[in-house]
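What follows is a single structure, written as C-alpha cells, with notes after it.
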Amino acid sequence: MNRPATFTFTEKSSAVDFATQMDQQAEELIVKQLLAARADDGIIAEEGAAKESKSGITWVIDPLDGTVNYLYGLPGWNVSVAAKDKDGVLAGVVYAPSINGFWSATRGGGATYNGKKIKCNDPITLDKALLATGFAYDLKLRVTQGETMANLLPRIRDLRRNGAAAVDLCYVAMGAIDGYFEASLKEWDHAAGGLIATEAGAVISGRGGGAPNSDLVICAGPALHAALLPLI
C-alpha cells in the first residue's frame with residue numbers, strides 16, 4: 001500500500017499516541033493472509049485483532065511500527081511479524097521498505113539482514129557504546145527518562161533516537177548500533193526484533209535482567225548489556 005497524501009487518526013493512550021488508517025488497513029491485510037494460510041493459529045496485533053490459538057502457534061503483529069516516522073515521511077517505519085509457541089518466539093521478520101531493510105530469524109537458526117548472516121558488536125565498553133532509545137507516550141514517564149539520559153550521556157559514545165523499536169533491535173543485531181533500551185514497549189514491538197537480536201548474539205532483557213516487559217527492554221551484546229543494567 002502506498003503512503004497516502006492525507007491521514008485519518010485514531011487516538012490511543014494520549015494525543016501523541018495514535019494510529020492512522022494505514023496501521024489499521026495493514027493489520028487487516030496481514031491477519032487475513034495469515035489466517036487464510038493457517039486458520040487454526042492465534043493472533044495478537046497492535047490495532048486490536050485477536051484470536052485464540054488452536055494450533056499452539058500465535059502470530060504477534062505490529063502492522064506499522066514507527067507510525068510517527070511514517071506520518072512525517074521519515075525513514076525506519078516497518079512491519080514486524082513474529083510467530084510464538086509455548087516456549088517463546090520461534091520466528092520473526094522485520095521489513096523496513098524506506099531503508100531497504102529485511103531482517104529475519106528462526107529460533108536456533110541465526111539471524112539475517114537482506115539474506116546475509118549478521119552478528120551484534122561484542123565486546124563493547126560503555127565509553128565506546130553508540131546507543132539508541134525511544135521515549136514513552138506517557139508524558140510523566142518522560143521526566144524519568146530524561147534523568148536517565150542525563151546520567152548516561154557523559155558515559156557513552158553517543159545516543160540516537162531513530163523512532164522505530166523493531167528496527168532499533170535489528171540495528172543491534174547487525175552492529176549498526178551497540179545497544180538499545182526503551183520503556184513502555186508492548187509484545188508486538190519487540191517480539192520479532194528481539195528474536196533477531198538474540199539470534200545475532202545479543203542479550204535482551206527487562207529491568208534487572210529478567211524477561212523483556214513493558215517496564216523496560218534492554219538489548220546489547222553480552223558485555224555491554226551487563227554494563228547497562230545497573231545504569232538504566
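Residue names in the C-alpha cells use chain letters A, B, ... in the order shown, residue numbers from 1 in each chain, and ligand numbers from 1 in the order shown.
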
Could you pull out all residues of stretch 35-229 of chain A with a DSSP call of strand (DSSP E) and give them as number ranges by chain? A: 42-45, 50-51, 58-65, 78-85, 88-96, 101-106, 110-113, 116-117, 130-133, 158-160, 179-182, 203-205, 217-220

Handout entry: Close residues, A:Glu182 itself excluded, 7 Å, only C-alpha atoms, min 2 positions apart in chain, as a PyMOL selection string
Key = chain A and resi 133-135+180+184-185+216-218

Selected residues, N, CA and C atoms, written as a tab-separated table (two decimals), in the first residue's frame, please.
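Below you can see again27.tsv, which holds the result:
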chain	number	residue	atom	x	y	z
A	133	THR	N	17.54	4.80	21.74
A	133	THR	CA	16.43	4.72	22.68
A	133	THR	C	15.18	5.31	22.05
A	134	GLY	N	14.10	5.21	22.77
A	134	GLY	CA	12.84	5.85	22.40
A	134	GLY	C	12.20	6.38	23.65
A	135	PHE	N	11.14	7.16	23.50
A	135	PHE	CA	10.51	7.81	24.64
A	135	PHE	C	9.03	7.42	24.72
A	180	TYR	N	20.46	-0.82	22.77
A	180	TYR	CA	19.16	-0.15	22.67
A	180	TYR	C	18.39	-0.40	23.95
A	184	SER	N	8.07	1.06	28.18
A	184	SER	CA	6.68	1.09	27.69
A	184	SER	C	6.50	0.42	26.34
A	185	LEU	N	7.34	-0.56	26.01
A	185	LEU	CA	7.12	-1.32	24.79
A	185	LEU	C	6.06	-2.39	25.04
A	216	LEU	N	10.63	-2.06	30.86
A	216	LEU	CA	11.89	-1.70	30.22
A	216	LEU	C	12.38	-2.86	29.38
A	217	VAL	N	12.94	-2.53	28.21
A	217	VAL	CA	13.62	-3.51	27.38
A	217	VAL	C	15.03	-2.99	27.14
A	218	ILE	N	16.02	-3.83	27.42
A	218	ILE	CA	17.43	-3.50	27.19
A	218	ILE	C	18.00	-4.56	26.26

(Q) For A:Trp103, find every residue with an atom within 9 Å (counting only C-alpha atoms), except residues of its own chain fewer than 6 positions away, and show them as a PyMOL selection string. (A) chain A and resi 92-96+111-115+167+170+193+196

Using C-alpha atoms, can you write the selected residues to a file as a PDB file, in the first residue's frame?
ATOM      1  CA  GLY A  92      10.410 -13.282  13.252  1.00  0.00           C
ATOM      2  CA  VAL A  93      10.697 -10.860  10.353  1.00  0.00           C
ATOM      3  CA  VAL A  94      11.040  -7.081  10.245  1.00  0.00           C
ATOM      4  CA  TYR A  95      10.681  -5.255   6.923  1.00  0.00           C
ATOM      5  CA  ALA A  96      11.526  -1.557   6.587  1.00  0.00           C
ATOM      6  CA  ALA A 111      19.642 -14.036  12.000  1.00  0.00           C
ATOM      7  CA  THR A 112      19.986 -12.381   8.596  1.00  0.00           C
ATOM      8  CA  TYR A 113      19.840  -8.925   7.025  1.00  0.00           C
ATOM      9  CA  ASN A 114      18.834  -8.920   3.358  1.00  0.00           C
ATOM     10  CA  GLY A 115      19.820 -12.586   3.224  1.00  0.00           C
ATOM     11  CA  VAL A 167      14.450  -1.568  13.617  1.00  0.00           C
ATOM     12  CA  CYS A 170      17.607  -5.152  14.339  1.00  0.00           C
ATOM     13  CA  GLY A 193      13.215  -7.781  16.652  1.00  0.00           C
ATOM     14  CA  ILE A 196      16.552 -11.348  15.550  1.00  0.00           C
TER      15      ILE A 196
END

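Residues within 10 Å of A:Cys219, counting only C-alpha atoms and excluding same-chain residues fewer than 2 positions away, are Leu131, Ala132, Asp168, Leu169, Val172, Ala173, Asp178, Gly179, Tyr180, Phe181, Glu182, Gly194, Ala197, Thr198, Ala202, Val203, Ile204, Ser205, Gly206, Pro212, Val217, Gly221, Pro222, Leu224, His225, Leu228 and Leu229 of chain A.
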
With a cut-off of 12 Å, could you pull out the residues of stretch 150-211 of chain A touching stretch 53-59 of chain A and give me the nearest pair of atoms for each, distance in Å to one decimal, using only C-alpha atoms, ordered by chain and ascending number, as CSV?
residue,atom,partner,partner_atom,distance
A:Glu187,CA,A:Trp59,CA,10.9
A:Trp188,CA,A:Trp59,CA,9.3
A:Ala191,CA,A:Trp59,CA,9.7
A:Ala192,CA,A:Trp59,CA,10.0

Could the residues in this selection be saved with C-alpha atoms as a CSV table (one decimal), in the first residue's frame?
chain,number,residue,atom,x,y,z
A,187,GLU,CA,5.0,-7.5,23.0
A,188,TRP,CA,4.4,-6.7,19.3
A,191,ALA,CA,8.8,-10.0,19.6
A,192,ALA,CA,10.3,-10.2,16.1

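For the pair atom CA of A:Ala91 and atom CA of A:Ile177, the separation is 22.5 Å.
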
Within 12 Å of A:Leu35, counting only C-alpha atoms, which residues show up once you throw out same-chain ones fewer than 3 positions away? Write them as a PyMOL selection string, please. chain A and resi 28-32+38-43+49-55+57-59

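Across the model, the gap from atom CA of A:Asp65 to atom CA of A:Trp77 is 5.5 Å.
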
List every residue of stretch 33-149 of chain A that DSSP, applied to the backbone of this structure, assigns to helix (DSSP H, G or I), and report them as a PyMOL selection string.
chain A and resi 33-37+67-72+97-99+126-128+139-149

Requested write-out: N, CA, C and O atoms of the selected residues, as a short mmCIF file (atom, residue, chain, number, x, y, z; two decimals), in the first residue's frame:
data_model
loop_
_atom_site.label_atom_id
_atom_site.label_comp_id
_atom_site.auth_asym_id
_atom_site.auth_seq_id
_atom_site.Cartn_x
_atom_site.Cartn_y
_atom_site.Cartn_z
N GLN A 33 -4.26 -12.66 5.42
CA GLN A 33 -3.38 -13.58 4.69
C GLN A 33 -2.85 -14.69 5.59
O GLN A 33 -2.75 -15.84 5.17
N LEU A 34 -2.52 -14.36 6.83
CA LEU A 34 -2.03 -15.39 7.76
C LEU A 34 -3.11 -16.44 8.04
O LEU A 34 -2.84 -17.65 8.00
N LEU A 35 -4.32 -15.98 8.31
CA LEU A 35 -5.39 -16.93 8.66
C LEU A 35 -5.86 -17.71 7.44
O LEU A 35 -6.36 -18.83 7.58
N ALA A 36 -5.69 -17.15 6.25
CA ALA A 36 -6.02 -17.91 5.05
C ALA A 36 -5.07 -19.10 4.89
O ALA A 36 -5.46 -20.17 4.41
N ALA A 37 -3.83 -18.91 5.31
CA ALA A 37 -2.83 -19.99 5.21
C ALA A 37 -2.84 -20.90 6.43
O ALA A 37 -2.56 -22.11 6.30
N THR A 67 4.94 4.68 13.57
CA THR A 67 3.86 5.41 12.90
C THR A 67 4.18 6.90 12.75
O THR A 67 3.86 7.51 11.72
N VAL A 68 4.84 7.49 13.75
CA VAL A 68 5.17 8.92 13.65
C VAL A 68 6.17 9.15 12.51
O VAL A 68 6.04 10.11 11.74
N ASN A 69 7.16 8.26 12.38
CA ASN A 69 8.08 8.37 11.24
C ASN A 69 7.31 8.29 9.93
O ASN A 69 7.56 9.05 8.99
N TYR A 70 6.39 7.35 9.86
CA TYR A 70 5.58 7.17 8.65
C TYR A 70 4.78 8.43 8.35
O TYR A 70 4.72 8.90 7.21
N LEU A 71 4.15 9.01 9.38
CA LEU A 71 3.35 10.21 9.21
C LEU A 71 4.18 11.38 8.67
O LEU A 71 3.74 12.10 7.77
N TYR A 72 5.40 11.53 9.20
CA TYR A 72 6.24 12.66 8.82
C TYR A 72 7.10 12.38 7.58
O TYR A 72 7.84 13.26 7.14
N PRO A 97 10.76 -0.91 4.36
CA PRO A 97 10.98 -0.59 2.93
C PRO A 97 11.67 0.73 2.68
O PRO A 97 12.38 0.88 1.68
N SER A 98 11.51 1.71 3.58
CA SER A 98 12.11 3.02 3.35
C SER A 98 13.63 3.00 3.45
O SER A 98 14.31 3.91 2.95
N ILE A 99 14.19 1.95 4.08
CA ILE A 99 15.64 1.81 4.16
C ILE A 99 16.11 0.49 3.54
O ILE A 99 17.23 0.05 3.79
N LEU A 126 31.37 0.55 27.74
CA LEU A 126 30.34 1.59 27.85
C LEU A 126 30.79 2.89 27.21
O LEU A 126 30.00 3.55 26.51
N ASP A 127 32.05 3.28 27.40
CA ASP A 127 32.50 4.57 26.88
C ASP A 127 32.61 4.60 25.37
O ASP A 127 32.69 5.67 24.77
N LYS A 128 32.59 3.44 24.72
CA LYS A 128 32.64 3.37 23.26
C LYS A 128 31.28 3.03 22.65
O LYS A 128 31.17 2.83 21.45
N LEU A 139 3.62 11.21 29.22
CA LEU A 139 4.46 12.40 29.36
C LEU A 139 5.14 12.47 30.73
O LEU A 139 6.24 13.01 30.86
N LYS A 140 4.50 11.93 31.77
CA LYS A 140 5.11 11.92 33.10
C LYS A 140 6.33 11.00 33.12
O LYS A 140 7.35 11.31 33.76
N LEU A 141 6.25 9.88 32.41
CA LEU A 141 7.37 8.95 32.37
C LEU A 141 8.57 9.56 31.64
O LEU A 141 9.72 9.23 31.93
N ARG A 142 8.32 10.50 30.74
CA ARG A 142 9.42 11.14 30.01
C ARG A 142 10.34 11.93 30.94
O ARG A 142 11.52 12.10 30.64
N VAL A 143 9.82 12.40 32.06
CA VAL A 143 10.67 13.11 33.03
C VAL A 143 11.73 12.16 33.57
O VAL A 143 12.92 12.49 33.62
N THR A 144 11.32 10.95 33.95
CA THR A 144 12.26 9.95 34.44
C THR A 144 13.22 9.54 33.34
O THR A 144 14.43 9.35 33.59
N GLN A 145 12.73 9.42 32.12
CA GLN A 145 13.60 9.05 31.02
C GLN A 145 14.64 10.12 30.75
O GLN A 145 15.79 9.82 30.41
N GLY A 146 14.28 11.38 30.92
CA GLY A 146 15.23 12.47 30.76
C GLY A 146 16.35 12.39 31.79
O GLY A 146 17.52 12.66 31.48
N GLU A 147 16.00 11.99 33.00
CA GLU A 147 17.02 11.81 34.04
C GLU A 147 17.98 10.68 33.70
O GLU A 147 19.19 10.79 33.93
N THR A 148 17.44 9.61 33.12
CA THR A 148 18.30 8.51 32.69
C THR A 148 19.25 8.96 31.59
O THR A 148 20.44 8.62 31.60
N MET A 149 18.74 9.75 30.64
CA MET A 149 19.60 10.28 29.57
C MET A 149 20.74 11.11 30.14
O MET A 149 21.89 11.00 29.73
#
